[in-house]
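> Dumping the structure here so I can ask a few things about it.
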Amino acid sequence: MTRTPVSRRLPDFPWDQLLPYAATARAHPDGVVDLSIGTPVDPTPAVVQQALRDAADSPGYPTTLGLPETRQAAIDWLARSHGVTGLGLDGVLPVVGSKELIAGLPTHLGIGPGDLVVLPEVAYPTYEVGAALVGAETLATDSLTAIGPRTPALLWLNSPSNPTGRVLPPDHLRKVVQWCRERGVLLVSDECYLECTWEAEALSVLHPSICGGSHEGLLAVHSLSKRSNLAGYRCAFLAGDPAVVAELLAVRKNLGLMMPGPQQRAMVAALDDDDHAREQHARYAARRGVLKQALEGAGFAISHSEASLYLWATRGESCWDTVAALAEQGVLVAPGSFYGRAGAQHVRVAFTATDERVAAAADRLA
């Protein structure tokens, strides 16, 4: 019996398509300015590095549930920084990076063929990958009416959005929460960019003004990769409905999915310290300002982009034409088509490069 490889169920890995453009950009005499992937380049905060060193002696197995201190730090941070109330230790679960969680969530929830997963019209590709892995159907839409009479098994929100930087207004969030609850649909909100806001206030679906003080049927996904330059540490967590968290815990502990102990201690240090987050926010704000002015001066229009670590830019042409033209200038960006058909005329420009590289990009655009 010949089995179909699992990889055949999945879309082609989009970043492979960017390789020839990366080669062109790297050939620039002054080197490449890589604004394609939003990977942090600034140092991991000293307080976090020290916490990791202090926890380096970690001979025993961690638990999938995570340390009480790690979960409490997440609760305290959500309350202090984002006004989330009513969370208990049973409503938080540390995970090894948000991408792993997002990709595996349909599997761990028992979603499969015949089920519908709804994701944003322009969306982080991993939502679709997770659904494809289990053979579920996907619908990319920002309109609840477009879903029709079907009842999805899972509905994804992403505010602030990757790639567009769009922040969903409170009224819309409340409407989606109500719609999902009326139909028994699990609502999962990817809030990894919640602290990366510039021109709008972003609210968690767990905020009492959105959820009515109840977390029933709701999960929020959070990551420390962007806030605290911890992408290499793979520190993230989910929070929300204790019943759903308990089910995921029961599945994940059977699979041996657990965050390493030293990383959990580092995560506590990162969540407890707001000073480094404010400093990093200021760095990104300055880089964003430089790139936004340069792009607009070069004839680009910036859509949304009121939050996140990206500028969603267009000059009314195919995204691949834009990618090619910028690559000739040694600037590498991500084509909007990576994120769905609706992104076909946009590019995603990350401002996670160093000050020197951001300045170089601005000079080339000028």
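Letters A, B, ... go to the chains of the structure tokens in the order shown; residues in each chain start at 1; ligands are counted from 1 in the same order.
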Please list as a PDB file with all heavy atoms, in the first residue's frame every residue within 9 Å of region 337-345 of chain A, counting only C-alpha atoms and excluding residues in the same chain fewer than 2 positions away.

ATOM      1  N   PRO A  14       5.991  28.901   1.106  1.00  0.00           N
ATOM      2  CA  PRO A  14       6.031  30.108   0.265  1.00  0.00           C
ATOM      3  C   PRO A  14       7.400  30.759   0.179  1.00  0.00           C
ATOM      4  O   PRO A  14       7.763  31.298  -0.875  1.00  0.00           O
ATOM      5  CB  PRO A  14       5.009  31.042   0.938  1.00  0.00           C
ATOM      6  CG  PRO A  14       4.852  30.527   2.330  1.00  0.00           C
ATOM      7  CD  PRO A  14       5.065  29.057   2.251  1.00  0.00           C
ATOM      8  N   TRP A  15       8.181  30.692   1.253  1.00  0.00           N
ATOM      9  CA  TRP A  15       9.435  31.425   1.249  1.00  0.00           C
ATOM     10  C   TRP A  15      10.430  30.882   0.236  1.00  0.00           C
ATOM     11  O   TRP A  15      11.359  31.596  -0.159  1.00  0.00           O
ATOM     12  CB  TRP A  15      10.029  31.433   2.660  1.00  0.00           C
ATOM     13  CG  TRP A  15       9.141  32.186   3.610  1.00  0.00           C
ATOM     14  CD1 TRP A  15       8.210  31.658   4.449  1.00  0.00           C
ATOM     15  CD2 TRP A  15       9.044  33.610   3.754  1.00  0.00           C
ATOM     16  NE1 TRP A  15       7.549  32.665   5.117  1.00  0.00           N
ATOM     17  CE2 TRP A  15       8.035  33.864   4.711  1.00  0.00           C
ATOM     18  CE3 TRP A  15       9.709  34.679   3.169  1.00  0.00           C
ATOM     19  CZ2 TRP A  15       7.687  35.157   5.095  1.00  0.00           C
ATOM     20  CZ3 TRP A  15       9.355  35.972   3.550  1.00  0.00           C
ATOM     21  CH2 TRP A  15       8.359  36.200   4.505  1.00  0.00           C
ATOM     22  N   GLU A 121      -9.234  37.031   5.669  1.00  0.00           N
ATOM     23  CA  GLU A 121      -9.087  37.088   4.210  1.00  0.00           C
ATOM     24  C   GLU A 121      -7.621  37.225   3.807  1.00  0.00           C
ATOM     25  O   GLU A 121      -7.166  36.617   2.846  1.00  0.00           O
ATOM     26  CB  GLU A 121      -9.895  38.259   3.657  1.00  0.00           C
ATOM     27  CG  GLU A 121      -9.899  38.336   2.141  1.00  0.00           C
ATOM     28  CD  GLU A 121     -10.758  39.459   1.607  1.00  0.00           C
ATOM     29  OE1 GLU A 121     -10.951  40.469   2.314  1.00  0.00           O
ATOM     30  OE2 GLU A 121     -11.257  39.332   0.468  1.00  0.00           O
ATOM     31  N   VAL A 122      -6.882  38.040   4.520  1.00  0.00           N
ATOM     32  CA  VAL A 122      -5.427  38.145   4.348  1.00  0.00           C
ATOM     33  C   VAL A 122      -4.826  37.655   5.650  1.00  0.00           C
ATOM     34  O   VAL A 122      -5.048  38.250   6.708  1.00  0.00           O
ATOM     35  CB  VAL A 122      -4.995  39.594   4.053  1.00  0.00           C
ATOM     36  CG1 VAL A 122      -3.488  39.669   3.859  1.00  0.00           C
ATOM     37  CG2 VAL A 122      -5.708  40.130   2.819  1.00  0.00           C
ATOM     38  N   ALA A 123      -4.069  36.560   5.598  1.00  0.00           N
ATOM     39  CA  ALA A 123      -3.771  35.862   6.851  1.00  0.00           C
ATOM     40  C   ALA A 123      -2.401  35.222   6.875  1.00  0.00           C
ATOM     41  O   ALA A 123      -1.840  34.830   5.838  1.00  0.00           O
ATOM     42  CB  ALA A 123      -4.828  34.784   7.104  1.00  0.00           C
ATOM     43  N   TYR A 124      -1.873  35.098   8.063  1.00  0.00           N
ATOM     44  CA  TYR A 124      -0.694  34.301   8.384  1.00  0.00           C
ATOM     45  C   TYR A 124      -0.915  32.886   7.827  1.00  0.00           C
ATOM     46  O   TYR A 124      -1.921  32.240   8.125  1.00  0.00           O
ATOM     47  CB  TYR A 124      -0.571  34.285   9.907  1.00  0.00           C
ATOM     48  CG  TYR A 124       0.583  33.554  10.524  1.00  0.00           C
ATOM     49  CD1 TYR A 124       1.892  33.759  10.102  1.00  0.00           C
ATOM     50  CD2 TYR A 124       0.365  32.696  11.600  1.00  0.00           C
ATOM     51  CE1 TYR A 124       2.947  33.100  10.722  1.00  0.00           C
ATOM     52  CE2 TYR A 124       1.416  32.041  12.226  1.00  0.00           C
ATOM     53  CZ  TYR A 124       2.702  32.246  11.789  1.00  0.00           C
ATOM     54  OH  TYR A 124       3.741  31.601  12.410  1.00  0.00           O
ATOM     55  N   PRO A 125      -0.008  32.368   6.990  1.00  0.00           N
ATOM     56  CA  PRO A 125      -0.267  31.102   6.290  1.00  0.00           C
ATOM     57  C   PRO A 125      -0.462  29.883   7.197  1.00  0.00           C
ATOM     58  O   PRO A 125      -1.066  28.892   6.773  1.00  0.00           O
ATOM     59  CB  PRO A 125       0.985  30.923   5.418  1.00  0.00           C
ATOM     60  CG  PRO A 125       1.583  32.278   5.281  1.00  0.00           C
ATOM     61  CD  PRO A 125       1.252  32.992   6.551  1.00  0.00           C
ATOM     62  N   ALA A 140     -11.432  31.750   3.742  1.00  0.00           N
ATOM     63  CA  ALA A 140     -10.741  32.992   4.074  1.00  0.00           C
ATOM     64  C   ALA A 140     -11.703  34.160   3.863  1.00  0.00           C
ATOM     65  O   ALA A 140     -12.018  34.506   2.722  1.00  0.00           O
ATOM     66  CB  ALA A 140      -9.490  33.158   3.214  1.00  0.00           C
ATOM     67  N   ASN A 162      -1.047  40.165  11.155  1.00  0.00           N
ATOM     68  CA  ASN A 162       0.100  39.870  10.315  1.00  0.00           C
ATOM     69  C   ASN A 162      -0.485  39.312   9.018  1.00  0.00           C
ATOM     70  O   ASN A 162      -1.145  38.270   9.057  1.00  0.00           O
ATOM     71  CB  ASN A 162       0.998  38.837  10.983  1.00  0.00           C
ATOM     72  CG  ASN A 162       2.112  38.319  10.081  1.00  0.00           C
ATOM     73  OD1 ASN A 162       2.427  38.908   9.065  1.00  0.00           O
ATOM     74  ND2 ASN A 162       2.695  37.189  10.467  1.00  0.00           N
ATOM     75  N   PRO A 163      -0.348  39.995   7.881  1.00  0.00           N
ATOM     76  CA  PRO A 163       0.655  40.994   7.544  1.00  0.00           C
ATOM     77  C   PRO A 163       0.183  42.449   7.514  1.00  0.00           C
ATOM     78  O   PRO A 163       1.001  43.334   7.357  1.00  0.00           O
ATOM     79  CB  PRO A 163       1.015  40.585   6.118  1.00  0.00           C
ATOM     80  CG  PRO A 163      -0.308  40.157   5.536  1.00  0.00           C
ATOM     81  CD  PRO A 163      -1.016  39.450   6.674  1.00  0.00           C
ATOM     82  N   ALA A 313       2.303  47.653   2.051  1.00  0.00           N
ATOM     83  CA  ALA A 313       2.547  48.706   1.065  1.00  0.00           C
ATOM     84  C   ALA A 313       2.162  48.262  -0.340  1.00  0.00           C
ATOM     85  O   ALA A 313       2.304  47.086  -0.701  1.00  0.00           O
ATOM     86  CB  ALA A 313       4.014  49.117   1.092  1.00  0.00           C
ATOM     87  N   THR A 314       1.718  49.223  -1.145  1.00  0.00           N
ATOM     88  CA  THR A 314       1.348  48.931  -2.535  1.00  0.00           C
ATOM     89  C   THR A 314       1.627  50.132  -3.420  1.00  0.00           C
ATOM     90  O   THR A 314       1.567  51.281  -2.967  1.00  0.00           O
ATOM     91  CB  THR A 314      -0.139  48.550  -2.635  1.00  0.00           C
ATOM     92  OG1 THR A 314      -0.453  48.240  -4.010  1.00  0.00           O
ATOM     93  CG2 THR A 314      -1.046  49.676  -2.167  1.00  0.00           C
ATOM     94  N   ARG A 315       1.919  49.836  -4.674  1.00  0.00           N
ATOM     95  CA  ARG A 315       1.906  50.900  -5.686  1.00  0.00           C
ATOM     96  C   ARG A 315       1.084  50.455  -6.894  1.00  0.00           C
ATOM     97  O   ARG A 315       1.360  50.810  -8.031  1.00  0.00           O
ATOM     98  CB  ARG A 315       3.314  51.336  -6.066  1.00  0.00           C
ATOM     99  CG  ARG A 315       4.267  50.262  -6.508  1.00  0.00           C
ATOM    100  CD  ARG A 315       5.659  50.860  -6.723  1.00  0.00           C
ATOM    101  NE  ARG A 315       6.615  49.868  -7.179  1.00  0.00           N
ATOM    102  CZ  ARG A 315       7.925  50.071  -7.216  1.00  0.00           C
ATOM    103  NH1 ARG A 315       8.426  51.225  -6.811  1.00  0.00           N
ATOM    104  NH2 ARG A 315       8.744  49.139  -7.664  1.00  0.00           N
ATOM    105  N   GLY A 316       0.074  49.620  -6.615  1.00  0.00           N
ATOM    106  CA  GLY A 316      -0.922  49.275  -7.616  1.00  0.00           C
ATOM    107  C   GLY A 316      -0.446  48.355  -8.716  1.00  0.00           C
ATOM    108  O   GLY A 316      -0.965  48.388  -9.828  1.00  0.00           O
ATOM    109  N   GLU A 317       0.514  47.496  -8.409  1.00  0.00           N
ATOM    110  CA  GLU A 317       1.024  46.551  -9.390  1.00  0.00           C
ATOM    111  C   GLU A 317       1.108  45.170  -8.740  1.00  0.00           C
ATOM    112  O   GLU A 317       0.882  45.012  -7.536  1.00  0.00           O
ATOM    113  CB  GLU A 317       2.414  46.987  -9.864  1.00  0.00           C
ATOM    114  CG  GLU A 317       3.466  46.978  -8.754  1.00  0.00           C
ATOM    115  CD  GLU A 317       4.810  47.538  -9.195  1.00  0.00           C
ATOM    116  OE1 GLU A 317       4.914  48.042 -10.329  1.00  0.00           O
ATOM    117  OE2 GLU A 317       5.767  47.484  -8.390  1.00  0.00           O
ATOM    118  N   SER A 318       1.427  44.169  -9.512  1.00  0.00           N
ATOM    119  CA  SER A 318       1.625  42.836  -8.971  1.00  0.00           C
ATOM    120  C   SER A 318       2.676  42.874  -7.862  1.00  0.00           C
ATOM    121  O   SER A 318       3.729  43.516  -8.006  1.00  0.00           O
ATOM    122  CB  SER A 318       2.079  41.873 -10.069  1.00  0.00           C
ATOM    123  OG  SER A 318       2.635  40.696  -9.508  1.00  0.00           O
ATOM    124  N   CYS A 319       2.397  42.172  -6.780  1.00  0.00           N
ATOM    125  CA  CYS A 319       3.357  42.159  -5.672  1.00  0.00           C
ATOM    126  C   CYS A 319       4.714  41.627  -6.119  1.00  0.00           C
ATOM    127  O   CYS A 319       5.758  42.076  -5.631  1.00  0.00           O
ATOM    128  CB  CYS A 319       2.811  41.346  -4.505  1.00  0.00           C
ATOM    129  SG  CYS A 319       2.441  39.610  -4.868  1.00  0.00           S
ATOM    130  N   TRP A 320       4.715  40.693  -7.067  1.00  0.00           N
ATOM    131  CA  TRP A 320       5.991  40.126  -7.524  1.00  0.00           C
ATOM    132  C   TRP A 320       6.797  41.138  -8.338  1.00  0.00           C
ATOM    133  O   TRP A 320       8.036  41.123  -8.308  1.00  0.00           O
ATOM    134  CB  TRP A 320       5.749  38.849  -8.313  1.00  0.00           C
ATOM    135  CG  TRP A 320       5.364  37.722  -7.417  1.00  0.00           C
ATOM    136  CD1 TRP A 320       4.130  37.172  -7.256  1.00  0.00           C
ATOM    137  CD2 TRP A 320       6.220  37.019  -6.507  1.00  0.00           C
ATOM    138  NE1 TRP A 320       4.153  36.176  -6.317  1.00  0.00           N
ATOM    139  CE2 TRP A 320       5.425  36.047  -5.844  1.00  0.00           C
ATOM    140  CE3 TRP A 320       7.580  37.095  -6.199  1.00  0.00           C
ATOM    141  CZ2 TRP A 320       5.949  35.175  -4.883  1.00  0.00           C
ATOM    142  CZ3 TRP A 320       8.106  36.232  -5.245  1.00  0.00           C
ATOM    143  CH2 TRP A 320       7.289  35.281  -4.599  1.00  0.00           C
ATOM    144  N   THR A 322       6.771  44.309  -7.652  1.00  0.00           N
ATOM    145  CA  THR A 322       7.344  45.149  -6.601  1.00  0.00           C
ATOM    146  C   THR A 322       8.528  44.455  -5.943  1.00  0.00           C
ATOM    147  O   THR A 322       9.578  45.071  -5.708  1.00  0.00           O
ATOM    148  CB  THR A 322       6.282  45.477  -5.539  1.00  0.00           C
ATOM    149  OG1 THR A 322       5.138  46.060  -6.154  1.00  0.00           O
ATOM    150  CG2 THR A 322       6.839  46.451  -4.511  1.00  0.00           C
ATOM    151  N   ALA A 334       8.483  40.813   1.452  1.00  0.00           N
ATOM    152  CA  ALA A 334       7.631  39.638   1.260  1.00  0.00           C
ATOM    153  C   ALA A 334       6.451  39.983   0.355  1.00  0.00           C
ATOM    154  O   ALA A 334       5.771  40.983   0.578  1.00  0.00           O
ATOM    155  CB  ALA A 334       7.117  39.128   2.600  1.00  0.00           C
ATOM    156  N   PRO A 335       6.167  39.174  -0.649  1.00  0.00           N
ATOM    157  CA  PRO A 335       5.005  39.424  -1.515  1.00  0.00           C
ATOM    158  C   PRO A 335       3.707  39.165  -0.765  1.00  0.00           C
ATOM    159  O   PRO A 335       3.575  38.198  -0.009  1.00  0.00           O
ATOM    160  CB  PRO A 335       5.194  38.414  -2.648  1.00  0.00           C
ATOM    161  CG  PRO A 335       6.004  37.318  -2.054  1.00  0.00           C
ATOM    162  CD  PRO A 335       6.910  37.964  -1.046  1.00  0.00           C
ATOM    163  N   VAL A 347       2.971  44.388  -0.713  1.00  0.00           N
ATOM    164  CA  VAL A 347       4.133  43.721  -0.148  1.00  0.00           C
ATOM    165  C   VAL A 347       4.170  44.019   1.348  1.00  0.00           C
ATOM    166  O   VAL A 347       3.681  45.047   1.809  1.00  0.00           O
ATOM    167  CB  VAL A 347       5.468  44.166  -0.801  1.00  0.00           C
ATOM    168  CG1 VAL A 347       5.536  43.686  -2.236  1.00  0.00           C
ATOM    169  CG2 VAL A 347       5.661  45.679  -0.709  1.00  0.00           C
TER     170      VAL A 347
END
> List every residue of region 279-309 of chain A that has an atom at most 12 Å from any atom of region 260-274 of chain A, and for each one report the closest atom pair and its distance in Å to one decimal, counting only C-alpha atoms, with rows sorted by chain and then by increasing residue number, as JSON lines.

{"residue": "A:Glu279", "atom": "CA", "partner": "A:Asp274", "partner_atom": "CA", "distance": 8.8}
{"residue": "A:Gln280", "atom": "CA", "partner": "A:Asp274", "partner_atom": "CA", "distance": 10.0}
{"residue": "A:His281", "atom": "CA", "partner": "A:Asp274", "partner_atom": "CA", "distance": 10.6}
> Emit the selected residues as an mmCIF file, in the first residue's frame, including C-alpha atoms.

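What ended up in again.cif:
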data_model
loop_
_atom_site.group_PDB
_atom_site.id
_atom_site.type_symbol
_atom_site.label_atom_id
_atom_site.label_comp_id
_atom_site.auth_asym_id
_atom_site.auth_seq_id
_atom_site.Cartn_x
_atom_site.Cartn_y
_atom_site.Cartn_z
ATOM 1 C CA GLU A 279 12.524 50.464 25.027
ATOM 2 C CA GLN A 280 11.992 47.963 22.218
ATOM 3 C CA HIS A 281 8.691 49.590 21.275
#
> Using only C-alpha atoms, which residue out of A:Gly165, A:Gly97, A:Pro120, A:Gly232 lies closest to Ser189 (chain A)?
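Of A:Gly165, A:Gly97, A:Pro120, A:Gly232, the one nearest Ser189 (chain A), counting only C-alpha atoms, is A:Pro120.
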> Which residues, written as a PyMOL selection string, have at least one atom at most 12 Å from Gly289 (chain A), with only C-alpha atoms counted and residues fewer than 4 positions away on the same chain left out?
chain A and resi 198-199+282-285+293-296+305-306+309-311+351+355+358-359+362
> According to DSSP computed on the backbone, where in region 1-156 of chain A is there strand (DSSP E)? Give the residues as JSON, numbers by chain.
{"A": [33, 34, 92, 93, 94, 95, 96, 116, 117, 118, 119, 137, 138, 139, 140, 154, 155, 156]}
> Rank A:Val333, A:Val134, A:Arg288, A:Arg364 by their smallest atom-to-atom distance to Ser7 (chain A), using only C-alpha atoms, and report the top residue only.
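Nearest candidate to Ser7 (chain A) out of A:Val333, A:Val134, A:Arg288, A:Arg364: A:Val134.
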> So how far away is CA of Thr352 (chain A) from CA of Val129 (chain A), in Å?
24.9 Å
> Of the candidates A:Val167, A:Ala239, A:Thr107, A:Trp179, which shows the shortest atom-to-atom distance to Pro94 (chain A), using only C-alpha atoms?
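For Pro94 (chain A), the nearest of the candidates is A:Ala239.
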> Report the residues of region 14-197 of chain A whose backbone DSSP state falls under helix (DSSP H, G or I), written as a PyMOL selection string.
chain A and resi 14-26+46-54+68-82+89-91+98-108+126-133+145-147+170-183
> Ranking A:Ile210, A:Met259, A:Ala220, A:Leu203 by minimum distance to Gly66 (chain A) and counting only C-alpha atoms, which one comes first?
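Selected residue with least distance to Gly66 (chain A): A:Met259.
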